[in-house]
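Okay, target-v2.tsv is below, TSV, C-alpha atoms:
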chain	number	residue	atom	x	y	z
V	12	MET	CA	-7.48	28.04	-1.52
V	13	ASP	CA	-5.45	26.91	-4.52
V	14	LYS	CA	-2.01	25.77	-3.34
V	15	ALA	CA	-0.31	27.14	-6.45
V	16	VAL	CA	-1.66	30.63	-5.71
V	17	LEU	CA	-0.62	30.30	-2.08
V	18	ALA	CA	2.90	29.15	-3.04
V	19	THR	CA	3.29	32.14	-5.35
V	20	ALA	CA	2.14	34.53	-2.62
V	21	LEU	CA	4.71	32.97	-0.26
V	22	GLY	CA	7.47	33.64	-2.77
V	23	SER	CA	8.11	29.96	-3.55
V	24	PRO	CA	6.17	29.28	-6.76
V	25	ALA	CA	6.21	25.75	-8.11
V	26	ALA	CA	6.45	26.03	-11.87
V	27	PHE	CA	5.13	22.56	-12.56
V	28	GLY	CA	6.05	21.31	-15.99
V	29	GLN	CA	7.95	18.65	-17.83
V	30	SER	CA	11.37	20.29	-17.50
V	31	GLN	CA	11.04	20.68	-13.74
V	32	PHE	CA	11.05	16.95	-13.09
V	33	GLY	CA	13.55	15.99	-15.74
V	34	GLN	CA	11.05	15.17	-18.51
V	35	SER	CA	11.81	17.02	-21.72
V	36	GLN	CA	9.13	18.46	-23.99
V	37	PHE	CA	10.12	15.83	-26.53
V	38	ALA	CA	9.53	13.02	-24.02
V	39	PHE	CA	6.17	14.52	-23.08
V	40	MET	CA	5.09	14.69	-26.73
V	41	ARG	CA	6.38	11.18	-27.35
V	42	GLY	CA	4.30	9.88	-24.43
V	43	ASN	CA	1.16	11.55	-25.77
V	44	ALA	CA	1.82	10.17	-29.25
V	45	PHE	CA	2.31	6.66	-27.87
V	46	GLU	CA	-0.95	6.82	-25.90
V	47	ALA	CA	-2.81	8.05	-28.99
V	48	LYS	CA	-1.38	5.15	-30.98
V	49	VAL	CA	-2.50	2.62	-28.37
V	50	LYS	CA	-6.04	4.02	-28.38
V	51	ALA	CA	-6.34	4.56	-32.14
V	52	ASP	CA	-9.23	3.06	-34.13
V	53	GLY	CA	-11.52	2.84	-31.14
V	54	GLY	CA	-8.90	1.14	-28.99
V	55	THR	CA	-8.39	-1.84	-31.32
V	56	GLU	CA	-4.76	-2.39	-30.32
V	57	LEU	CA	-5.52	-1.81	-26.65
V	58	MET	CA	-8.32	-4.37	-26.68
V	59	ARG	CA	-6.06	-6.85	-28.46
V	60	LEU	CA	-3.42	-6.49	-25.75
V	61	LEU	CA	-6.03	-6.78	-23.00
V	62	HIS	CA	-7.50	-9.92	-24.56
V	63	GLU	CA	-4.03	-11.38	-25.02
V	64	ARG	CA	-2.98	-10.78	-21.39
V	65	LEU	CA	-6.27	-11.18	-19.53
V	66	GLY	CA	-8.26	-13.47	-21.81
V	67	GLY	CA	-11.98	-13.05	-22.24
V	68	GLY	CA	-13.06	-15.22	-25.14
V	69	SER	CA	-11.92	-17.12	-28.20
V	70	GLU	CA	-11.16	-14.01	-30.25
V	71	THR	CA	-10.43	-10.35	-29.77
V	72	PRO	CA	-13.67	-8.36	-29.30
V	73	ARG	CA	-14.69	-6.50	-32.43
V	74	GLU	CA	-17.58	-4.48	-31.07
V	75	VAL	CA	-16.41	-2.13	-28.32
V	76	ARG	CA	-18.49	0.81	-27.16
V	77	VAL	CA	-16.62	4.03	-26.46
V	78	PRO	CA	-19.08	6.23	-24.54
V	79	ASP	CA	-18.87	10.01	-24.62
V	80	LEU	CA	-17.74	11.25	-21.20
V	81	THR	CA	-17.97	14.97	-21.93
V	82	ALA	CA	-19.44	17.05	-19.10
V	83	ALA	CA	-18.94	20.39	-17.39
V	84	GLY	CA	-16.29	20.45	-14.68
V	85	PRO	CA	-14.67	17.54	-12.83
V	86	GLU	CA	-17.77	16.88	-10.75
V	87	GLY	CA	-19.92	16.63	-13.87
V	88	ARG	CA	-17.40	14.39	-15.60
V	89	ALA	CA	-17.23	12.11	-12.56
V	90	ALA	CA	-21.03	11.77	-12.56
V	91	ARG	CA	-21.03	11.09	-16.31
V	92	THR	CA	-18.32	8.44	-15.87
V	93	ALA	CA	-20.30	6.68	-13.13
V	94	LEU	CA	-23.39	6.63	-15.35
V	95	ALA	CA	-21.39	5.27	-18.32
V	96	LEU	CA	-19.95	2.48	-16.15
V	97	ARG	CA	-23.42	1.46	-14.98
V	98	GLU	CA	-24.83	1.54	-18.51
V	99	ALA	CA	-21.94	-0.48	-19.93
V	100	THR	CA	-22.24	-3.08	-17.16
V	101	GLY	CA	-25.97	-3.40	-17.67
V	102	ALA	CA	-25.54	-3.78	-21.46
V	103	GLY	CA	-23.31	-6.82	-20.96
V	104	GLY	CA	-20.82	-5.98	-23.70
V	105	TRP	CA	-17.34	-4.57	-24.08
V	106	ALA	CA	-16.80	-0.87	-23.39
V	107	LEU	CA	-13.72	1.36	-23.35
V	108	LEU	CA	-13.82	4.51	-21.24
V	109	ASP	CA	-11.12	6.89	-22.48
V	110	HIS	CA	-9.83	9.18	-19.71
V	111	PRO	CA	-12.76	8.74	-17.33
V	112	MET	CA	-13.06	10.97	-14.27
V	113	LEU	CA	-13.24	9.28	-10.89
V	114	ALA	CA	-13.84	10.74	-7.43
V	115	LEU	CA	-12.25	9.51	-4.22
V	116	GLU	CA	-12.74	10.92	-0.75
V	117	VAL	CA	-9.44	12.01	0.77
V	118	ALA	CA	-9.52	13.39	4.34
V	119	GLY	CA	-13.20	14.22	3.96
V	120	SER	CA	-12.93	16.06	0.63
V	121	PRO	CA	-13.35	14.73	-2.92
V	122	ALA	CA	-10.23	14.24	-5.02
V	123	TYR	CA	-10.71	13.83	-8.76
V	124	LEU	CA	-8.64	11.24	-10.62
V	125	GLU	CA	-8.22	10.57	-14.33
V	126	PRO	CA	-6.87	7.15	-15.34
V	127	ASP	CA	-5.76	6.55	-18.92
V	128	ALA	CA	-8.59	4.10	-19.55
V	129	VAL	CA	-11.02	1.68	-17.94
V	130	VAL	CA	-12.34	-1.38	-19.79
V	131	VAL	CA	-15.71	-2.94	-18.96
V	132	HIS	CA	-15.90	-6.70	-19.65
V	133	PRO	CA	-19.11	-8.50	-20.67
V	134	ASP	CA	-19.14	-10.29	-17.29
V	135	GLY	CA	-19.25	-6.95	-15.44
V	136	ARG	CA	-15.57	-6.81	-14.54
V	137	TRP	CA	-13.80	-3.44	-14.73
V	138	THR	CA	-10.09	-3.26	-15.58
V	139	VAL	CA	-7.86	-0.23	-15.12
V	140	VAL	CA	-5.42	0.46	-17.96
V	141	GLU	CA	-2.24	2.46	-17.40
V	142	ILE	CA	-0.26	3.62	-20.45
V	143	LYS	CA	3.35	4.62	-19.76
V	144	SER	CA	6.15	5.75	-22.05
V	145	PHE	CA	9.01	3.89	-20.32
V	146	PRO	CA	10.13	0.80	-22.30
V	147	MET	CA	9.44	-2.82	-21.52
V	148	ILE	CA	12.61	-4.65	-22.56
V	149	ASP	CA	12.46	-8.43	-22.91
V	150	SER	CA	9.04	-8.40	-21.23
V	151	SER	CA	10.29	-6.55	-18.15
V	152	ALA	CA	10.49	-2.88	-17.17
V	153	ASP	CA	12.23	-0.78	-14.53
V	154	ALA	CA	11.01	-2.08	-11.16
V	155	ALA	CA	10.77	1.38	-9.57
V	156	LYS	CA	8.68	2.74	-12.44
V	157	VAL	CA	6.42	-0.31	-12.45
V	158	GLY	CA	5.96	0.07	-8.68
V	159	ALA	CA	4.98	3.72	-9.08
V	160	ALA	CA	2.49	2.80	-11.80
V	161	ALA	CA	1.03	0.08	-9.57
V	162	ARG	CA	0.52	2.52	-6.69
V	163	GLN	CA	-1.13	4.98	-9.04
V	164	ALA	CA	-3.43	2.31	-10.46
V	165	ALA	CA	-4.34	1.12	-6.97
V	166	VAL	CA	-5.83	4.54	-6.23
V	167	TYR	CA	-7.97	4.24	-9.36
V	168	VAL	CA	-9.12	0.79	-8.26
V	169	LEU	CA	-10.23	2.18	-4.90
V	170	ALA	CA	-12.19	4.95	-6.61
V	171	LEU	CA	-13.84	2.45	-8.96
V	172	GLU	CA	-14.82	0.22	-6.06
V	173	ARG	CA	-17.03	3.01	-4.70
V	174	ILE	CA	-19.02	3.02	-7.94
V	175	ALA	CA	-19.05	-0.78	-8.25
V	176	ALA	CA	-20.55	-1.03	-4.74
V	177	VAL	CA	-23.76	0.57	-6.03
V	178	THR	CA	-23.76	-1.07	-9.48
V	179	ASP	CA	-25.45	-4.45	-9.91
V	180	GLY	CA	-23.16	-7.12	-11.35
V	181	ALA	CA	-20.04	-4.95	-11.27
V	182	GLU	CA	-16.64	-6.05	-9.97
V	183	VAL	CA	-13.34	-4.18	-10.07
V	184	GLY	CA	-10.41	-6.35	-11.13
V	185	HIS	CA	-7.33	-6.31	-8.92
V	186	ARG	CA	-5.12	-6.93	-11.95
V	187	VAL	CA	-4.42	-3.86	-14.08
V	188	LEU	CA	-3.05	-3.71	-17.60
V	189	LEU	CA	0.24	-1.82	-17.97
V	190	VAL	CA	0.95	-0.83	-21.58
V	191	CYS	CA	4.47	0.30	-22.56
V	192	PRO	CA	6.65	0.56	-25.69
V	193	LYS	CA	8.21	-2.76	-26.63
V	194	ASP	CA	12.00	-2.81	-26.35
V	195	PHE	CA	13.34	0.30	-28.11
V	196	SER	CA	10.49	0.68	-30.59
V	197	ASN	CA	7.21	2.56	-30.49
V	198	LEU	CA	5.19	-0.65	-30.73
V	199	PRO	CA	2.97	-1.28	-27.71
V	200	THR	CA	3.24	-4.30	-25.47
V	201	ALA	CA	1.53	-5.03	-22.17
V	202	SER	CA	1.94	-6.73	-18.82
V	203	VAL	CA	-0.52	-7.56	-16.06
V	204	VAL	CA	0.23	-6.11	-12.62
V	205	ASP	CA	-1.50	-7.31	-9.45
V	206	VAL	CA	-2.21	-4.28	-7.24
V	207	ARG	CA	-3.86	-5.95	-4.23
V	208	LYS	CA	-0.94	-5.10	-1.96
V	209	GLN	CA	-0.80	-1.46	-3.11
V	210	ARG	CA	-4.58	-1.19	-2.79
V	211	ALA	CA	-4.50	-2.41	0.81
V	212	VAL	CA	-1.68	-0.03	1.74
V	213	THR	CA	-3.43	2.94	0.12
V	214	ARG	CA	-6.74	2.15	1.81
V	215	ARG	CA	-5.01	1.98	5.19
V	216	GLN	CA	-3.25	5.28	4.58
V	217	LEU	CA	-6.49	6.98	3.58
V	218	THR	CA	-8.23	5.87	6.77
V	219	ARG	CA	-5.39	7.34	8.85
V	220	LEU	CA	-5.55	10.79	7.26
V	221	THR	CA	-6.79	13.61	9.44
V	222	ARG	CA	-10.01	15.10	8.12
V	223	ILE	CA	-9.86	18.68	6.86
V	224	GLU	CA	-12.56	19.68	9.34
V	225	ASP	CA	-10.40	18.47	12.22
V	226	ILE	CA	-7.36	20.33	10.88
V	227	ALA	CA	-9.38	23.53	10.51
V	228	ALA	CA	-10.75	23.20	14.04
V	229	ALA	CA	-7.22	23.00	15.46
V	230	LEU	CA	-6.02	26.20	13.76
V	231	PRO	CA	-5.61	29.36	15.83
V	232	GLU	CA	-8.63	31.63	15.72
V	233	GLY	CA	-8.45	34.14	12.88
V	234	THR	CA	-6.06	32.08	10.74
V	235	THR	CA	-6.46	32.95	7.07
V	236	PHE	CA	-4.78	31.83	3.86
V	237	ASP	CA	-5.81	34.89	1.88
V	238	PRO	CA	-3.04	35.56	-0.70
V	239	GLN	CA	-3.59	39.29	-0.17
V	240	CYS	CA	-2.05	38.99	3.30
V	241	SER	CA	1.59	39.83	3.88
V	242	PRO	CA	4.17	37.06	3.34
V	243	GLN	CA	4.83	37.04	7.10
V	244	GLU	CA	1.15	36.44	7.90
V	245	LEU	CA	0.85	33.75	5.23
V	246	THR	CA	4.01	32.02	6.46
V	247	ALA	CA	2.66	31.96	10.01
V	248	ALA	CA	-0.67	30.57	8.77
V	249	VAL	CA	0.99	27.82	6.72
V	250	GLU	CA	3.34	26.85	9.55
V	251	SER	CA	0.36	26.47	11.89
V	252	VAL	CA	-0.45	23.31	9.92
V	253	THR	CA	2.05	20.53	10.58
V	254	ALA	CA	3.78	19.35	7.40
V	255	ALA	CA	6.05	16.34	6.92
V	256	TYR	CA	8.23	17.37	3.99
V	257	ALA	CA	10.09	14.79	1.90
V	258	PRO	CA	11.84	15.19	-1.48
V	259	GLU	CA	9.05	13.14	-3.05
V	260	CYS	CA	6.70	16.08	-2.37
V	261	LEU	CA	8.38	18.02	-5.19
V	262	ALA	CA	6.55	15.85	-7.72
V	263	ALA	CA	3.08	16.31	-6.26
V	264	CYS	CA	2.60	19.42	-4.13
V	265	GLU	CA	2.73	23.07	-5.12
V	266	LEU	CA	3.89	24.05	-1.62
V	267	ALA	CA	6.85	21.65	-1.70
V	268	PHE	CA	9.46	24.37	-2.32
V	269	HIS	CA	8.22	26.40	0.63
V	270	CYS	CA	8.22	23.34	2.90
V	271	ARG	CA	11.68	22.36	1.69
V	272	THR	CA	13.04	25.80	2.61
V	273	THR	CA	11.43	25.54	6.05
V	274	ALA	CA	12.76	22.00	6.61
V	275	ARG	CA	16.29	22.99	5.60
V	276	ALA	CA	16.23	26.06	7.83
V	277	ALA	CA	15.20	23.88	10.77
V	278	GLY	CA	17.83	21.27	9.91
V	279	ALA	CA	15.15	18.56	9.73
V	280	VAL	CA	16.43	15.20	8.53
V	281	GLU	CA	13.19	14.71	6.55
V	282	ALA	CA	14.75	16.97	3.92
V	283	LEU	CA	17.20	14.16	3.18
V	284	GLY	CA	14.44	11.66	2.36
V	285	ARG	CA	12.04	9.32	4.13
V	286	SER	CA	14.49	6.39	4.01
V	287	VAL	CA	17.18	8.47	5.78
V	288	ARG	CA	14.64	9.64	8.34
V	289	GLY	CA	13.68	6.05	9.05
V	290	GLU	CA	17.29	5.00	9.58
V	291	LEU	CA	18.03	7.79	12.08
V	292	GLY	CA	15.47	6.81	14.70
V	293	GLY	CA	15.10	9.46	17.39
V	294	LEU	CA	17.62	11.86	15.80
V	295	THR	CA	15.40	14.42	14.08
V	296	THR	CA	17.84	17.20	13.16
V	297	VAL	CA	21.03	17.29	11.14
V	298	SER	CA	22.87	19.00	14.03
V	299	ALA	CA	21.85	16.17	16.39
V	300	VAL	CA	23.11	13.60	13.86
V	301	LEU	CA	26.48	15.35	13.51
V	302	ALA	CA	26.83	15.72	17.29
V	303	ALA	CA	26.08	12.02	17.77
V	304	ALA	CA	28.62	11.08	15.09
V	305	ALA	CA	31.27	13.27	16.76
V	306	GLY	CA	30.63	11.67	20.16
V	307	LYS	CA	29.33	14.88	21.71
V	308	GLU	CA	25.76	13.68	22.21
V	309	GLY	CA	23.74	10.51	22.14
V	310	ASP	CA	23.70	7.22	24.01
V	311	PRO	CA	26.58	4.97	22.88
V	312	ALA	CA	24.32	1.97	23.46
V	313	ASP	CA	21.88	3.26	20.83
V	314	PRO	CA	22.50	1.27	17.62
V	315	THR	CA	21.93	4.37	15.49
V	316	VAL	CA	24.46	6.42	17.46
V	317	ALA	CA	26.96	3.55	17.39
V	318	ALA	CA	26.58	3.22	13.61
V	319	LEU	CA	27.07	6.97	13.12
V	320	ARG	CA	30.24	6.99	15.23
V	321	ARG	CA	31.60	3.99	13.37
V	322	ALA	CA	30.89	5.71	10.04
V	323	ALA	CA	32.59	8.90	11.27
V	324	ALA	CA	35.67	6.94	12.34
V	325	LEU	CA	35.88	5.20	8.95
V	326	ARG	CA	35.53	8.53	7.17
V	327	ALA	CA	38.29	10.12	9.26
V	328	GLU	CA	40.55	7.16	8.57
V	329	ALA	CA	39.92	7.39	4.83
V	330	LEU	CA	40.67	11.11	4.77
V	331	GLU	CA	44.01	10.92	6.62
V	332	PRO	CA	46.70	12.65	4.49
V	333	ALA	CA	49.08	10.32	2.73
V	334	ALA	CA	52.69	10.47	3.86
V	335	CYS	CA	54.96	12.41	1.56
V	336	SER	CA	58.50	11.26	0.87
V	337	VAL	CA	61.23	13.62	-0.31
V	338	ALA	CA	63.47	12.56	-3.17
V	339	PRO	CA	66.35	14.58	-4.71
V	340	ALA	CA	65.58	16.13	-8.06
V	341	ARG	CA	67.47	14.90	-11.05
V	342	ALA	CA	70.35	17.06	-12.28
V	343	THR	CA	68.55	17.82	-15.51
V	344	GLY	CA	65.46	19.07	-13.59
V	345	PRO	CA	61.87	18.57	-14.65
V	346	LEU	CA	60.77	18.92	-18.20
V	347	PRO	CA	59.57	22.41	-19.16
V	348	HIS	CA	55.91	21.38	-19.21
V	349	GLN	CA	56.31	19.72	-15.79
V	350	ARG	CA	58.14	22.59	-14.09
V	351	ALA	CA	56.35	23.93	-11.01
V	352	THR	CA	56.58	27.63	-10.37
V	353	GLY	CA	55.33	30.08	-7.80
V	354	PRO	CA	54.84	29.71	-4.06
V	355	MET	CA	53.40	26.17	-4.40
V	356	ALA	CA	56.53	24.76	-6.08
V	357	PRO	CA	58.19	21.96	-4.03
V	358	GLU	CA	61.26	23.28	-2.23
V	359	GLY	CA	64.54	21.50	-2.97
V	360	GLY	CA	62.92	19.16	-5.48
V	361	ALA	CA	60.59	17.57	-2.94
V	362	VAL	CA	57.97	15.33	-4.51
V	363	CYS	CA	55.02	13.61	-2.88
V	364	ARG	CA	54.75	9.94	-3.75
The structure in this file should be written as structure tokens.
Amino acid sequence: MDKAVLATALGSPAAFGQSQFGQSQFAFMRGNAFEAKVKADGGTELMRLLHERLGGGSETPREVRVPDLTAAGPEGRAARTALALREATGAGGWALLDHPMLALEVAGSPAYLEPDAVVVHPDGRWTVVEIKSFPMIDSSADAAKVGAAARQAAVYVLALERIAAVTDGAEVGHRVLLVCPKDFSNLPTASVVDVRKQRAVTRRQLTRLTRIEDIAAALPEGTTFDPQCSPQELTAAVESVTAAYAPECLAACELAFHCRTTARAAGAVEALGRSVRGELGGLTTVSAVLAAAAGKEGDPADPTVAALRRAAALRAEALEPAACSVAPARATGPLPHQRATGPMAPEGGAVCR
């Protein structure tokens, strides 16, 4: 079942697009134009940047194969990509795979991934290339954006490792090439990012995922996600599968708006973000947090409860009304544009200092 169709049937459609996540149409077009510029002329500029940052010989490679990866459907494209990687590795030359399709097993089902590019080195090494439109100013970029790009590239590395395991002489590099605009221009520059840490974290997370078969086996008998069902039946079916909503889901899951509504209705602290949830320990609802802060519930010896009560006391102290002093009005009275009228006018010339 397509999650977008299911979200629409539930009455919480996720209109994914550039404007939804704060990216204007102009920024989207600019990003596409920048990527096209980096890959122009058979990837000449991209190969120059890769050679400059990762080495690979005395001069920039001039002969680079760009195999055709056209095939029917994601499964066909993934198979064509795997074949192209094996052929390029066996040929022992440089090859640039533009938007290859990779497959990675997630919870027992294949997930198809499309990196910006993968470069095959003559020694059999494969390098992931990520092209982003955020600027790299004075050889450094926004740490949060670089971290997100590293996590994304780590997933591609894991998918490539599955193919490399059955390809003689192949090795997937743990350093990826991040290409961004230089300073405030549209000229490309690049940096090397080591993704070993992100790769290890992602691999561990994938092994901990519950398989789809196990989730299906735990569902009540007769559960269906048919969009033709009534909204009430669909809601009950969706809620039979445990979901851990977080604001980050809005950027990746079509059902995020439905889960957000459910989380808010239940007062779940997850709706405030994973970092907030982690700080609150055993307090799982907003009402429990407020009760603990007000001293109505919770163990005072609990550090989380103690911190909440201290924060509540500081807030109450900061919001105490300032004392007002009364001073006699001058004989001439206030200026016309300062004159207060109506029921809120200070009586007897009282002013609050």
Show which residues sit within 8 Å of Pro72 (chain V), as an mmCIF file with C-alpha atoms, in the coordinates of the input. Count all atoms listed in the file, and ignore same-chain residues fewer than 2 positions away.
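Done, and the output landed in around_24.cif:
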data_model
loop_
_atom_site.group_PDB
_atom_site.id
_atom_site.type_symbol
_atom_site.label_atom_id
_atom_site.label_comp_id
_atom_site.auth_asym_id
_atom_site.auth_seq_id
_atom_site.Cartn_x
_atom_site.Cartn_y
_atom_site.Cartn_z
ATOM 1 C CA MET V 58 -8.320 -4.370 -26.680
ATOM 2 C CA ARG V 59 -6.060 -6.850 -28.460
ATOM 3 C CA HIS V 62 -7.500 -9.920 -24.560
ATOM 4 C CA GLU V 70 -11.160 -14.010 -30.250
ATOM 5 C CA GLU V 74 -17.580 -4.480 -31.070
ATOM 6 C CA VAL V 75 -16.410 -2.130 -28.320
ATOM 7 C CA TRP V 105 -17.340 -4.570 -24.080
#
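Minimum distance to Ala47 (chain V) across V:Ala159, V:Ala128, V:Val280, V:Ala327 (counting only C-alpha atoms) occurs at V:Ala128.
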Item to complete: Check the smallest atom-to-atom distance from each of V:Glu172, V:Ile142, V:Pro121, V:Arg275 to Ser298 (chain V) using only C-alpha atoms, then report the winner.
Response: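 That would be V:Arg275, the residue with the smallest distance to Ser298 (chain V).
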Practice prompt. Would you mind telling me which residue in V:Ala322, V:Ile226, V:Val139, V:Ala18 lies nearest to Val168 (chain V) when using only C-alpha atoms?
Written response: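 Counting only C-alpha atoms, the residue closest to Val168 (chain V) is V:Val139.
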Worksheet item: Interatomic distance between CA of Ala323 (chain V) and CA of Thr295 (chain V)?
Response: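 CA of Thr295 (chain V) lies at a distance of 18.3 Å from CA of Ala323 (chain V).
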Practice prompt. Counting only C-alpha atoms, select every polymer residue within 7 Å of (-5.0, 8.1, -17.2) as defined in the file's coordinates, and provide the selection as a list in words.
Written response: His110, Glu125, Pro126, Asp127, Ala128 and Glu141 of chain V
Item to complete: Figure out the distance between CA of Thr92 (chain V) and CA of Lys156 (chain V), please, to one decimal in Å.
Response: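 Taking CA of Lys156 (chain V) and CA of Thr92 (chain V), their separation equals 27.8 Å.
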Worksheet item: Given the choices V:Ala154, V:Ala227, V:Ala176, V:Ala161, which gets closest to Ala248 (chain V) if the distance is worked out from all atoms listed in the file?
Response: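 Closest residue, counting all atoms listed in the file: V:Ala227.
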Fill in: Spatial neighbours of Ala324 (chain V), 9 Å, all atoms listed in the file, chain gap at least 4 places, as a VMD selection string
chain V and resid 304 to 305 319 to 320 328 to 329
Worksheet item: Using only C-alpha atoms, which of the listed residues (V:Pro311, V:Gly87, V:Pro78, V:Gly158) sits closest to Val131 (chain V)?
Response: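 When distances to Val131 (chain V) are compared using only C-alpha atoms, the smallest one comes from V:Pro78.
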Discussion item. If I take CA of Ala89 (chain V) and CA of Ala114 (chain V), how far is one from the other in Å, to one decimal?
Written reply: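 So the two atoms, CA of Ala89 (chain V) and CA of Ala114 (chain V), lie 6.3 Å apart.
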Practice prompt. Determine, counting all atoms listed in the file, which protein, DNA and RNA residues have an atom within 12 Å of an atom of Leu171 (chain V); residues of the same chain fewer than 6 positions away are not included. Present the result as JSON, numbers by chain.
Written response: {"V": [89, 92, 93, 96, 97, 111, 112, 113, 114, 115, 116, 123, 124, 125, 126, 128, 129, 130, 131, 136, 137, 138, 139, 164, 165, 177, 178, 181, 182, 183, 184, 185, 210]}
Discussion item. Please determine, counting all atoms listed in the file, which residue among V:Cys264, V:Ala279, V:Ala318, V:Leu198 has the shortest atom-to-atom distance to Met147 (chain V).
Written reply: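 Going through V:Cys264, V:Ala279, V:Ala318, V:Leu198 one by one, the smallest distance to Met147 (chain V) is for V:Leu198.
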Practice prompt. Show which residues sit within 10 Å of Leu17 (chain V), as a PyMOL selection string. Count all atoms listed in the file, and ignore same-chain residues fewer than 4 positions away.
Written response: chain V and resi 12-13+21-24+236-239+242+245-246+249+265-266
Set the distance at 9 Å and use only C-alpha atoms: which residues neighbour Val297 (chain V) once local chain neighbours fewer than 2 positions away are removed? I'd like the list as a PDB file with C-alpha atoms, in the coordinates of the input.
ATOM      1  CA  ALA V 277      15.200  23.880  10.770  1.00  0.00           C
ATOM      2  CA  GLY V 278      17.830  21.270   9.910  1.00  0.00           C
ATOM      3  CA  ALA V 279      15.150  18.560   9.730  1.00  0.00           C
ATOM      4  CA  VAL V 280      16.430  15.200   8.530  1.00  0.00           C
ATOM      5  CA  LEU V 294      17.620  11.860  15.800  1.00  0.00           C
ATOM      6  CA  THR V 295      15.400  14.420  14.080  1.00  0.00           C
ATOM      7  CA  ALA V 299      21.850  16.170  16.390  1.00  0.00           C
ATOM      8  CA  VAL V 300      23.110  13.600  13.860  1.00  0.00           C
ATOM      9  CA  LEU V 301      26.480  15.350  13.510  1.00  0.00           C
ATOM     10  CA  ALA V 302      26.830  15.720  17.290  1.00  0.00           C
TER      11      ALA V 302
END
Hey, could you patch up region 245-249 of chain V with all heavy atoms and hand it over as an mmCIF file, keeping the file's coordinate frame?
data_model
loop_
_atom_site.group_PDB
_atom_site.id
_atom_site.type_symbol
_atom_site.label_atom_id
_atom_site.label_comp_id
_atom_site.auth_asym_id
_atom_site.auth_seq_id
_atom_site.Cartn_x
_atom_site.Cartn_y
_atom_site.Cartn_z
ATOM 1 N N LEU V 245 1.100 35.016 5.940
ATOM 2 C CA LEU V 245 0.850 33.750 5.230
ATOM 3 C C LEU V 245 1.780 32.654 5.726
ATOM 4 O O LEU V 245 1.366 31.508 5.904
ATOM 5 C CB LEU V 245 1.040 33.953 3.728
ATOM 6 C CG LEU V 245 -0.129 34.571 2.955
ATOM 7 C CD1 LEU V 245 0.228 34.706 1.485
ATOM 8 C CD2 LEU V 245 -1.378 33.724 3.128
ATOM 9 N N THR V 246 3.046 33.004 5.955
ATOM 10 C CA THR V 246 4.010 32.020 6.460
ATOM 11 C C THR V 246 3.575 31.487 7.810
ATOM 12 O O THR V 246 3.622 30.281 8.061
ATOM 13 C CB THR V 246 5.406 32.643 6.563
ATOM 14 O OG1 THR V 246 5.830 33.088 5.265
ATOM 15 C CG2 THR V 246 6.407 31.645 7.100
ATOM 16 N N ALA V 247 3.134 32.386 8.689
ATOM 17 C CA ALA V 247 2.660 31.960 10.010
ATOM 18 C C ALA V 247 1.436 31.067 9.886
ATOM 19 O O ALA V 247 1.296 30.072 10.616
ATOM 20 C CB ALA V 247 2.347 33.179 10.870
ATOM 21 N N ALA V 248 0.534 31.379 8.959
ATOM 22 C CA ALA V 248 -0.670 30.570 8.770
ATOM 23 C C ALA V 248 -0.318 29.182 8.261
ATOM 24 O O ALA V 248 -0.840 28.171 8.744
ATOM 25 C CB ALA V 248 -1.616 31.268 7.805
ATOM 26 N N VAL V 249 0.602 29.120 7.280
ATOM 27 C CA VAL V 249 0.990 27.820 6.720
ATOM 28 C C VAL V 249 1.716 26.980 7.757
ATOM 29 O O VAL V 249 1.497 25.765 7.875
ATOM 30 C CB VAL V 249 1.868 28.021 5.469
ATOM 31 C CG1 VAL V 249 2.478 26.702 5.012
ATOM 32 C CG2 VAL V 249 1.056 28.633 4.344
#
